[in-house]
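Text of upload_30.cif, listed as mmCIF, C-alpha atoms:
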```cif
data_structure
loop_
_atom_site.label_atom_id
_atom_site.label_comp_id
_atom_site.auth_asym_id
_atom_site.auth_seq_id
_atom_site.Cartn_x
_atom_site.Cartn_y
_atom_site.Cartn_z
CA MET A 1 -34.67 37.67 -38.26
CA PRO A 2 -32.57 35.49 -40.58
CA GLN A 3 -34.09 34.12 -43.74
CA LEU A 4 -35.39 30.67 -42.91
CA THR A 5 -35.44 29.01 -46.28
CA ASP A 6 -32.10 28.33 -47.95
CA LEU A 7 -32.64 26.69 -51.32
CA SER A 8 -28.97 25.69 -51.49
CA THR A 9 -29.48 23.46 -48.45
CA PRO A 10 -32.48 21.14 -48.95
CA ILE A 11 -34.27 20.21 -45.75
CA TYR A 12 -35.73 16.72 -45.81
CA THR A 13 -35.23 15.36 -42.31
CA ARG A 14 -35.12 16.31 -38.66
CA SER A 15 -31.30 16.12 -38.80
CA ASP A 16 -31.23 18.57 -41.71
CA LEU A 17 -33.26 21.08 -39.72
CA VAL A 18 -31.07 20.60 -36.65
CA ALA A 19 -27.97 21.30 -38.74
CA VAL A 20 -29.45 24.47 -40.26
CA LEU A 21 -30.69 25.91 -36.97
CA ALA A 22 -27.50 24.99 -35.11
CA GLY A 23 -25.49 26.72 -37.83
CA GLN A 24 -27.64 29.85 -37.62
CA ILE A 25 -27.22 29.94 -33.85
CA GLY A 26 -23.49 29.31 -34.12
CA HIS A 27 -23.02 32.14 -36.60
CA GLY A 28 -24.97 34.60 -34.46
CA ASP A 29 -28.09 34.83 -36.60
CA TYR A 30 -30.03 34.06 -33.41
CA PRO A 31 -28.19 35.70 -30.46
CA ALA A 32 -28.61 34.49 -26.90
CA GLY A 33 -32.10 35.27 -25.60
CA THR A 34 -33.66 35.26 -29.07
CA LEU A 35 -36.91 33.40 -29.56
CA LEU A 36 -36.77 30.94 -32.46
CA PRO A 37 -39.67 30.82 -34.95
CA SER A 38 -42.58 28.72 -33.74
CA GLU A 39 -43.03 25.05 -34.63
CA ARG A 40 -45.78 26.03 -37.06
CA VAL A 41 -43.62 28.62 -38.83
CA LEU A 42 -40.66 26.25 -39.11
CA ALA A 43 -42.88 23.45 -40.37
CA ASP A 44 -44.44 25.69 -43.03
CA GLU A 45 -41.11 27.17 -44.14
CA TYR A 46 -39.29 23.85 -44.50
CA GLY A 47 -42.19 21.65 -45.52
CA LEU A 48 -41.78 19.36 -42.52
CA SER A 49 -44.34 17.92 -40.14
CA ARG A 50 -44.85 19.57 -36.75
CA SER A 51 -43.63 16.38 -35.07
CA MET A 52 -40.34 16.47 -37.03
CA VAL A 53 -39.84 20.11 -36.07
CA ARG A 54 -40.61 19.30 -32.44
CA GLU A 55 -38.01 16.53 -32.44
CA ALA A 56 -35.44 18.85 -34.03
CA LEU A 57 -36.01 21.46 -31.33
CA ARG A 58 -35.73 18.78 -28.65
CA THR A 59 -32.36 17.78 -30.12
CA LEU A 60 -31.17 21.40 -29.99
CA SER A 61 -32.28 21.53 -26.37
CA GLU A 62 -30.33 18.36 -25.58
CA ARG A 63 -27.28 19.96 -27.16
CA ARG A 64 -27.81 22.91 -24.81
CA LEU A 65 -28.24 25.37 -27.67
CA ILE A 66 -31.79 26.35 -26.72
CA ASP A 67 -34.19 26.23 -23.78
CA ILE A 68 -37.76 25.13 -24.50
CA ILE A 69 -40.01 27.24 -22.26
CA PRO A 70 -43.68 26.19 -21.98
CA GLY A 71 -45.99 28.95 -23.10
CA ARG A 72 -43.18 30.95 -24.66
CA GLY A 73 -41.26 28.80 -27.13
CA SER A 74 -37.63 27.97 -27.91
CA VAL A 75 -35.10 30.49 -26.63
CA VAL A 76 -31.42 30.52 -27.59
CA ARG A 77 -29.25 29.86 -24.54
CA GLN A 78 -26.37 31.94 -23.28
CA ALA A 79 -23.63 29.35 -23.64
CA THR A 80 -21.17 28.66 -20.86
CA VAL A 81 -17.52 27.87 -21.49
CA SER A 82 -18.25 24.16 -21.16
CA ASP A 83 -21.15 24.41 -23.60
CA ALA A 84 -18.98 26.26 -26.08
CA VAL A 85 -16.22 23.69 -26.04
CA GLU A 86 -18.68 20.81 -26.26
CA GLN A 87 -20.25 22.28 -29.40
CA LEU A 88 -16.87 23.02 -30.99
CA ILE A 89 -15.83 19.43 -30.37
CA LYS A 90 -19.00 18.14 -32.05
CA ILE A 91 -18.43 20.28 -35.13
CA PHE A 92 -14.67 19.81 -35.42
CA ASP A 93 -14.25 16.24 -34.28
CA HIS A 94 -10.59 15.39 -34.55
CA GLY A 95 -9.91 12.83 -31.87
CA ARG A 96 -6.54 11.76 -33.27
CA VAL A 97 -5.10 15.30 -33.37
CA THR A 98 -2.65 16.13 -30.59
CA PRO A 99 -0.76 19.37 -29.93
CA ARG A 100 2.39 17.69 -31.27
CA PHE A 101 0.73 16.86 -34.61
CA LEU A 102 -0.65 20.38 -34.91
CA ILE A 103 2.70 21.98 -34.11
CA GLU A 104 4.34 19.85 -36.79
CA ALA A 105 1.68 20.80 -39.33
CA ARG A 106 1.87 24.50 -38.50
CA ALA A 107 5.66 24.43 -38.79
CA MET A 108 5.39 22.92 -42.27
CA ILE A 109 3.08 25.74 -43.36
CA GLU A 110 4.06 28.80 -41.36
CA THR A 111 7.85 28.64 -41.34
CA THR A 112 7.86 28.63 -45.13
CA ALA A 113 5.16 31.32 -45.17
CA SER A 114 7.27 33.55 -42.91
CA GLY A 115 10.27 33.27 -45.21
CA SER A 116 8.12 34.04 -48.24
CA ALA A 117 6.51 37.00 -46.45
CA ALA A 118 9.96 38.44 -45.80
CA LEU A 119 10.54 38.47 -49.57
CA ARG A 120 7.05 39.35 -50.84
CA ALA A 121 5.14 41.33 -48.22
CA THR A 122 3.98 44.78 -49.28
CA PRO A 123 4.45 47.74 -46.90
CA ALA A 124 0.71 47.58 -46.13
CA GLU A 125 0.94 43.87 -45.28
CA ILE A 126 3.92 44.47 -43.01
CA GLU A 127 1.94 47.20 -41.28
CA THR A 128 -0.94 44.76 -40.76
CA ILE A 129 1.44 42.20 -39.21
CA VAL A 130 2.92 44.79 -36.85
CA ARG A 131 -0.53 46.12 -35.91
CA ALA A 132 -1.75 42.62 -35.02
CA LYS A 133 1.41 41.98 -32.97
CA THR A 134 0.96 45.22 -31.02
CA ALA A 135 -2.74 44.59 -30.41
CA CYS A 136 -1.96 41.07 -29.17
CA ASP A 137 0.61 42.46 -26.71
CA ARG A 138 -1.88 45.04 -25.40
CA ALA A 139 -4.95 42.79 -25.27
CA ASN A 140 -6.96 43.07 -22.06
CA SER A 141 -8.79 39.76 -22.25
CA LEU A 142 -7.98 36.22 -23.26
CA LEU A 143 -10.49 36.24 -26.09
CA GLU A 144 -9.03 39.46 -27.48
CA ARG A 145 -5.48 38.10 -27.24
CA VAL A 146 -6.42 34.84 -28.99
CA SER A 147 -8.14 36.82 -31.74
CA TRP A 148 -5.12 39.07 -32.34
CA ASP A 149 -2.65 36.19 -32.07
CA LEU A 150 -4.61 34.41 -34.79
CA ALA A 151 -4.74 37.62 -36.83
CA PHE A 152 -0.94 37.96 -36.57
CA HIS A 153 -0.32 34.50 -37.98
CA LEU A 154 -2.98 34.86 -40.66
CA ALA A 155 -1.48 38.19 -41.77
CA ILE A 156 1.89 36.50 -42.26
CA VAL A 157 0.34 33.65 -44.23
CA ARG A 158 -1.42 36.15 -46.48
CA ALA A 159 1.75 38.17 -46.93
CA ALA A 160 3.47 35.04 -48.25
CA GLY A 161 1.65 35.77 -51.51
CA ASN A 162 0.53 32.21 -52.22
CA PRO A 163 -3.25 31.69 -52.02
CA LEU A 164 -2.85 27.93 -51.55
CA VAL A 165 -0.85 28.50 -48.38
CA GLU A 166 -3.77 30.46 -46.96
CA VAL A 167 -6.14 27.63 -47.93
CA MET A 168 -3.97 25.18 -45.98
CA PHE A 169 -3.86 27.50 -42.97
CA ARG A 170 -7.64 27.92 -43.09
CA ALA A 171 -8.07 24.15 -43.15
CA ILE A 172 -6.45 23.82 -39.72
CA GLN A 173 -7.68 27.12 -38.27
CA PRO A 174 -10.19 25.45 -35.88
CA TYR A 175 -7.32 23.41 -34.43
CA ILE A 176 -5.12 26.52 -34.17
CA VAL A 177 -7.84 28.26 -32.16
CA GLU A 178 -7.82 25.37 -29.71
CA ILE A 179 -4.06 25.37 -29.24
CA LEU A 180 -4.04 29.16 -28.80
CA PHE A 181 -6.40 28.80 -25.86
CA ARG A 182 -4.05 26.19 -24.38
CA SER A 183 -1.03 28.43 -24.95
CA LEU A 184 -2.49 31.72 -23.79
CA THR A 185 -3.96 30.31 -20.58
CA ASP A 186 -0.45 29.18 -19.63
CA ALA A 187 1.55 32.08 -18.18
CA GLU A 188 4.95 30.59 -19.03
CA VAL A 189 4.02 29.76 -22.62
CA THR A 190 2.52 33.24 -23.06
CA ARG A 191 5.58 34.99 -21.61
CA LYS A 192 8.05 33.05 -23.72
CA GLY A 193 5.93 32.81 -26.85
CA LEU A 194 4.85 36.40 -27.43
CA VAL A 195 8.49 37.53 -27.48
CA PHE A 196 8.86 35.76 -30.81
CA HIS A 197 6.08 37.82 -32.40
CA ASP A 198 8.32 40.87 -32.25
CA ARG A 199 11.29 38.96 -33.66
CA ILE A 200 9.26 37.50 -36.51
CA ALA A 201 7.69 40.86 -37.41
CA ARG A 202 11.09 42.55 -37.33
CA ALA A 203 12.68 39.89 -39.55
CA ILE A 204 9.88 40.21 -42.10
CA GLY A 205 10.17 44.00 -42.03
CA ASP A 206 13.94 43.70 -42.54
CA ARG A 207 13.37 41.32 -45.50
CA ASP A 208 15.48 38.73 -43.71
CA ARG A 209 14.10 35.43 -44.99
CA ASP A 210 16.37 33.18 -42.95
CA ALA A 211 15.66 34.98 -39.68
CA ALA A 212 11.91 35.05 -40.30
CA THR A 213 11.89 31.32 -40.97
CA ALA A 214 14.06 30.48 -37.97
CA GLU A 215 12.14 32.66 -35.51
CA MET A 216 8.80 31.24 -36.61
CA GLN A 217 10.17 27.71 -36.21
CA ARG A 218 11.33 28.48 -32.67
CA HIS A 219 8.03 30.16 -31.84
CA LEU A 220 5.83 27.31 -33.04
CA THR A 221 7.90 24.54 -31.43
CA LEU A 222 7.95 26.08 -27.94
CA GLY A 223 5.03 23.88 -27.01
CA LEU A 224 7.08 20.74 -27.57
CA THR A 225 9.00 21.52 -24.38
CA LEU A 226 6.50 23.69 -22.47
CA PHE A 227 3.25 21.74 -22.83
CA GLY A 228 4.44 18.86 -20.68
CA SER A 229 2.18 15.80 -20.81
CA ASP A 230 -0.40 17.75 -22.83
CA ILE A 231 1.77 17.51 -25.93
CA ASP A 232 0.55 14.02 -26.85
CA ARG A 233 -2.98 14.23 -25.46
CA ASN A 234 -6.20 14.73 -27.40
CA LEU A 235 -6.24 18.38 -28.49
CA ASN A 236 -10.00 18.64 -27.84
CA LEU A 237 -9.51 17.67 -24.21
CA VAL A 238 -6.50 19.92 -23.76
CA ALA A 239 -8.43 22.93 -25.08
CA ARG A 240 -11.50 22.06 -23.01
CA GLU A 241 -9.49 21.88 -19.79
CA ALA A 242 -7.75 25.17 -20.59
CA LEU A 243 -11.07 26.94 -21.12
CA GLU A 244 -12.77 25.38 -18.12
CA SER A 245 -9.93 26.70 -15.94
CA LEU A 246 -11.13 30.23 -16.73
CA VAL A 247 -13.61 30.60 -13.92
CA THR A 248 -14.30 34.28 -14.57
CA ALA A 249 -13.96 34.36 -18.36
CA THR A 250 -16.95 34.58 -20.66
CA VAL A 251 -16.26 32.57 -23.80
CA THR A 252 -19.35 31.54 -25.75
CA PHE A 253 -19.91 29.08 -28.55
CA GLU A 254 -20.45 32.09 -30.84
CA ASP A 255 -17.02 33.42 -29.80
CA LEU A 256 -15.32 30.15 -30.69
CA MET A 257 -17.16 29.82 -33.98
CA ARG A 258 -16.20 33.37 -34.89
CA LEU A 259 -12.55 32.62 -34.22
CA THR A 260 -12.61 29.48 -36.34
CA HIS A 261 -13.79 31.67 -39.24
CA GLU A 262 -11.77 34.78 -38.32
CA GLY A 263 -10.27 36.83 -41.11
#
```

Could I get this structure in the form of structure tokens?
Amino acid sequence: MPQLTDLSTPIYTRSDLVAVLAGQIGHGDYPAGTLLPSERVLADEYGLSRSMVREALRTLSERRLIDIIPGRGSVVRQATVSDAVEQLIKIFDHGRVTPRFLIEARAMIETTASGSAALRATPAEIETIVRAKTACDRANSLLERVSWDLAFHLAIVRAAGNPLVEVMFRAIQPYIVEILFRSLTDAEVTRKGLVFHDRIARAIGDRDRDAATAEMQRHLTLGLTLFGSDIDRNLNLVAREALESLVTATVTFEDLMRLTHEG
């Protein structure tokens, strides 16, 4: 059971408690099916009234993070795809961000990073890039492919040798996860896009800065022509629709949260 009290995060209100418990659930401290501590335990641990704790648990239930079962307590729900996307939207609310804006931002960061990686990457870093590319090609599930696609791009950013570039990439990582789901649920985008991974990795391995930069630029801007009307729509909605189209896929809120912090 996770430690309840976190002195670095003072708990004064119902909203504070909701934020702490939602974060613990999101990070997997309480897996699906787990029984949360009782109202009495939570009240004692955080110095809140039972009524405040009760309201906090009701809020978590309304957010579809837990089920309140009479006679048993509060049980963490197994999130559906829709639940997962809804929670991601609430945490990373970026209503003005469109795929076009994200593509432009990624190009500013990652094309330069690719060129720098071609000059600075160590043999071990090049091996990591190639390994991620190969794993992405061989992935058996969408979630696995998204994870390895993200790992490929993150490995290149790290190989650029500039810690501030990685900070910038991390700042938009939640958005990148969303656009990867849009891209990798589209057969044409997947077919045309993954080809560039091999070209980029080869250019970096060959220490060809110009080629690495150019291939990354072409890779990232594919969506400008292949996303159709989605290119200027709300990225949240685009990602939600892509995920909800996966009738048989199991993608939980915990999966999405893990990807937004991957690496």

The PyMOL selection byres ((chain A and resi 233) around 10) - which residues does that actually catch in the file I just gave you? List them as a ChimeraX atom specification.
/A:95-100,228-232,234-238

Deliver the residues from the most recent selection as a file, using C-alpha atoms, as a PDB file, in the frame of the given file.
```pdb
ATOM      1  CA  GLY A  95      -9.910  12.830 -31.870  1.00  0.00           C
ATOM      2  CA  ARG A  96      -6.540  11.760 -33.270  1.00  0.00           C
ATOM      3  CA  VAL A  97      -5.100  15.300 -33.370  1.00  0.00           C
ATOM      4  CA  THR A  98      -2.650  16.130 -30.590  1.00  0.00           C
ATOM      5  CA  PRO A  99      -0.760  19.370 -29.930  1.00  0.00           C
ATOM      6  CA  ARG A 100       2.390  17.690 -31.270  1.00  0.00           C
ATOM      7  CA  GLY A 228       4.440  18.860 -20.680  1.00  0.00           C
ATOM      8  CA  SER A 229       2.180  15.800 -20.810  1.00  0.00           C
ATOM      9  CA  ASP A 230      -0.400  17.750 -22.830  1.00  0.00           C
ATOM     10  CA  ILE A 231       1.770  17.510 -25.930  1.00  0.00           C
ATOM     11  CA  ASP A 232       0.550  14.020 -26.850  1.00  0.00           C
ATOM     12  CA  ASN A 234      -6.200  14.730 -27.400  1.00  0.00           C
ATOM     13  CA  LEU A 235      -6.240  18.380 -28.490  1.00  0.00           C
ATOM     14  CA  ASN A 236     -10.000  18.640 -27.840  1.00  0.00           C
ATOM     15  CA  LEU A 237      -9.510  17.670 -24.210  1.00  0.00           C
ATOM     16  CA  VAL A 238      -6.500  19.920 -23.760  1.00  0.00           C
TER      17      VAL A 238
END
```

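Surrounding residues of (-36.0, 17.5, -29.6) at most 12 Å away are Arg14, Ser15, Leu17, Val18, Glu39, Arg50, Ser51, Met52, Val53, Arg54, Glu55, Ala56, Leu57, Arg58, Thr59, Leu60, Ser61, Glu62, Arg63, Arg64, Leu65, Ile66, Asp67, Ile68 and Ser74 of chain A (based on only C-alpha atoms).
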
Could you tell me which residues the PyMOL selection byres ((chain A and resi 191-198) around 12) grabs in this file, written as a VMD selection string?
chain A and resid 114 129 to 139 145 to 146 148 to 153 156 180 183 to 190 199 to 205 211 to 223 225 to 226

To verify the selection step, state as a list in words which residues the PyMOL selection byres ((chain A and resi 162) around 12) yields on this input.
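This file gives the following for the PyMOL selection byres ((chain A and resi 162) around 12): Ile109, Glu110, Thr112, Ala113, Ser114, Ser116, Ala117, Arg120, Ala121, Ile156, Val157, Arg158, Ala159, Ala160, Gly161, Pro163, Leu164, Val165, Glu166, Val167, Met168 and Phe169 of chain A.
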
Go ahead and write the residues just picked, C-alpha atoms, as a PDB file, in the frame of the given file.
```pdb
ATOM      1  CA  ILE A 109       3.080  25.740 -43.360  1.00  0.00           C
ATOM      2  CA  GLU A 110       4.060  28.800 -41.360  1.00  0.00           C
ATOM      3  CA  THR A 112       7.860  28.630 -45.130  1.00  0.00           C
ATOM      4  CA  ALA A 113       5.160  31.320 -45.170  1.00  0.00           C
ATOM      5  CA  SER A 114       7.270  33.550 -42.910  1.00  0.00           C
ATOM      6  CA  SER A 116       8.120  34.040 -48.240  1.00  0.00           C
ATOM      7  CA  ALA A 117       6.510  37.000 -46.450  1.00  0.00           C
ATOM      8  CA  ARG A 120       7.050  39.350 -50.840  1.00  0.00           C
ATOM      9  CA  ALA A 121       5.140  41.330 -48.220  1.00  0.00           C
ATOM     10  CA  ILE A 156       1.890  36.500 -42.260  1.00  0.00           C
ATOM     11  CA  VAL A 157       0.340  33.650 -44.230  1.00  0.00           C
ATOM     12  CA  ARG A 158      -1.420  36.150 -46.480  1.00  0.00           C
ATOM     13  CA  ALA A 159       1.750  38.170 -46.930  1.00  0.00           C
ATOM     14  CA  ALA A 160       3.470  35.040 -48.250  1.00  0.00           C
ATOM     15  CA  GLY A 161       1.650  35.770 -51.510  1.00  0.00           C
ATOM     16  CA  PRO A 163      -3.250  31.690 -52.020  1.00  0.00           C
ATOM     17  CA  LEU A 164      -2.850  27.930 -51.550  1.00  0.00           C
ATOM     18  CA  VAL A 165      -0.850  28.500 -48.380  1.00  0.00           C
ATOM     19  CA  GLU A 166      -3.770  30.460 -46.960  1.00  0.00           C
ATOM     20  CA  VAL A 167      -6.140  27.630 -47.930  1.00  0.00           C
ATOM     21  CA  MET A 168      -3.970  25.180 -45.980  1.00  0.00           C
ATOM     22  CA  PHE A 169      -3.860  27.500 -42.970  1.00  0.00           C
TER      23      PHE A 169
END
```

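Candidate residues A:Gly73, A:Glu125, A:Tyr175, A:Ala22 were compared for distance to Val41 of chain A, and the nearest is A:Gly73, using only C-alpha atoms.
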
d(atom CA of Ala105 of chain A, atom CA of Arg209 of chain A) in Å
20.0 Å

Between A:Val76, A:Tyr46, A:Phe181, A:Asp16, which is the closest to Gly33 of chain A once you count only C-alpha atoms?
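That would be A:Val76, the residue with the smallest distance to Gly33 of chain A.
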
As a check of understanding: the span from atom CA of Ser245 of chain A to atom CA of Thr34 of chain A is 28.4 Å

Using all atoms listed in the file, can you tell me which of A:Gly26, A:Tyr12, A:Ala155, A:Gly47 comes closest to Leu259 of chain A?
A:Gly26

How far is it from atom CA of Arg40 of chain A to atom CA of Arg72 of chain A, in Å with one decimal?
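Going from atom CA of Arg40 of chain A over to atom CA of Arg72 of chain A, I get 13.6 Å.
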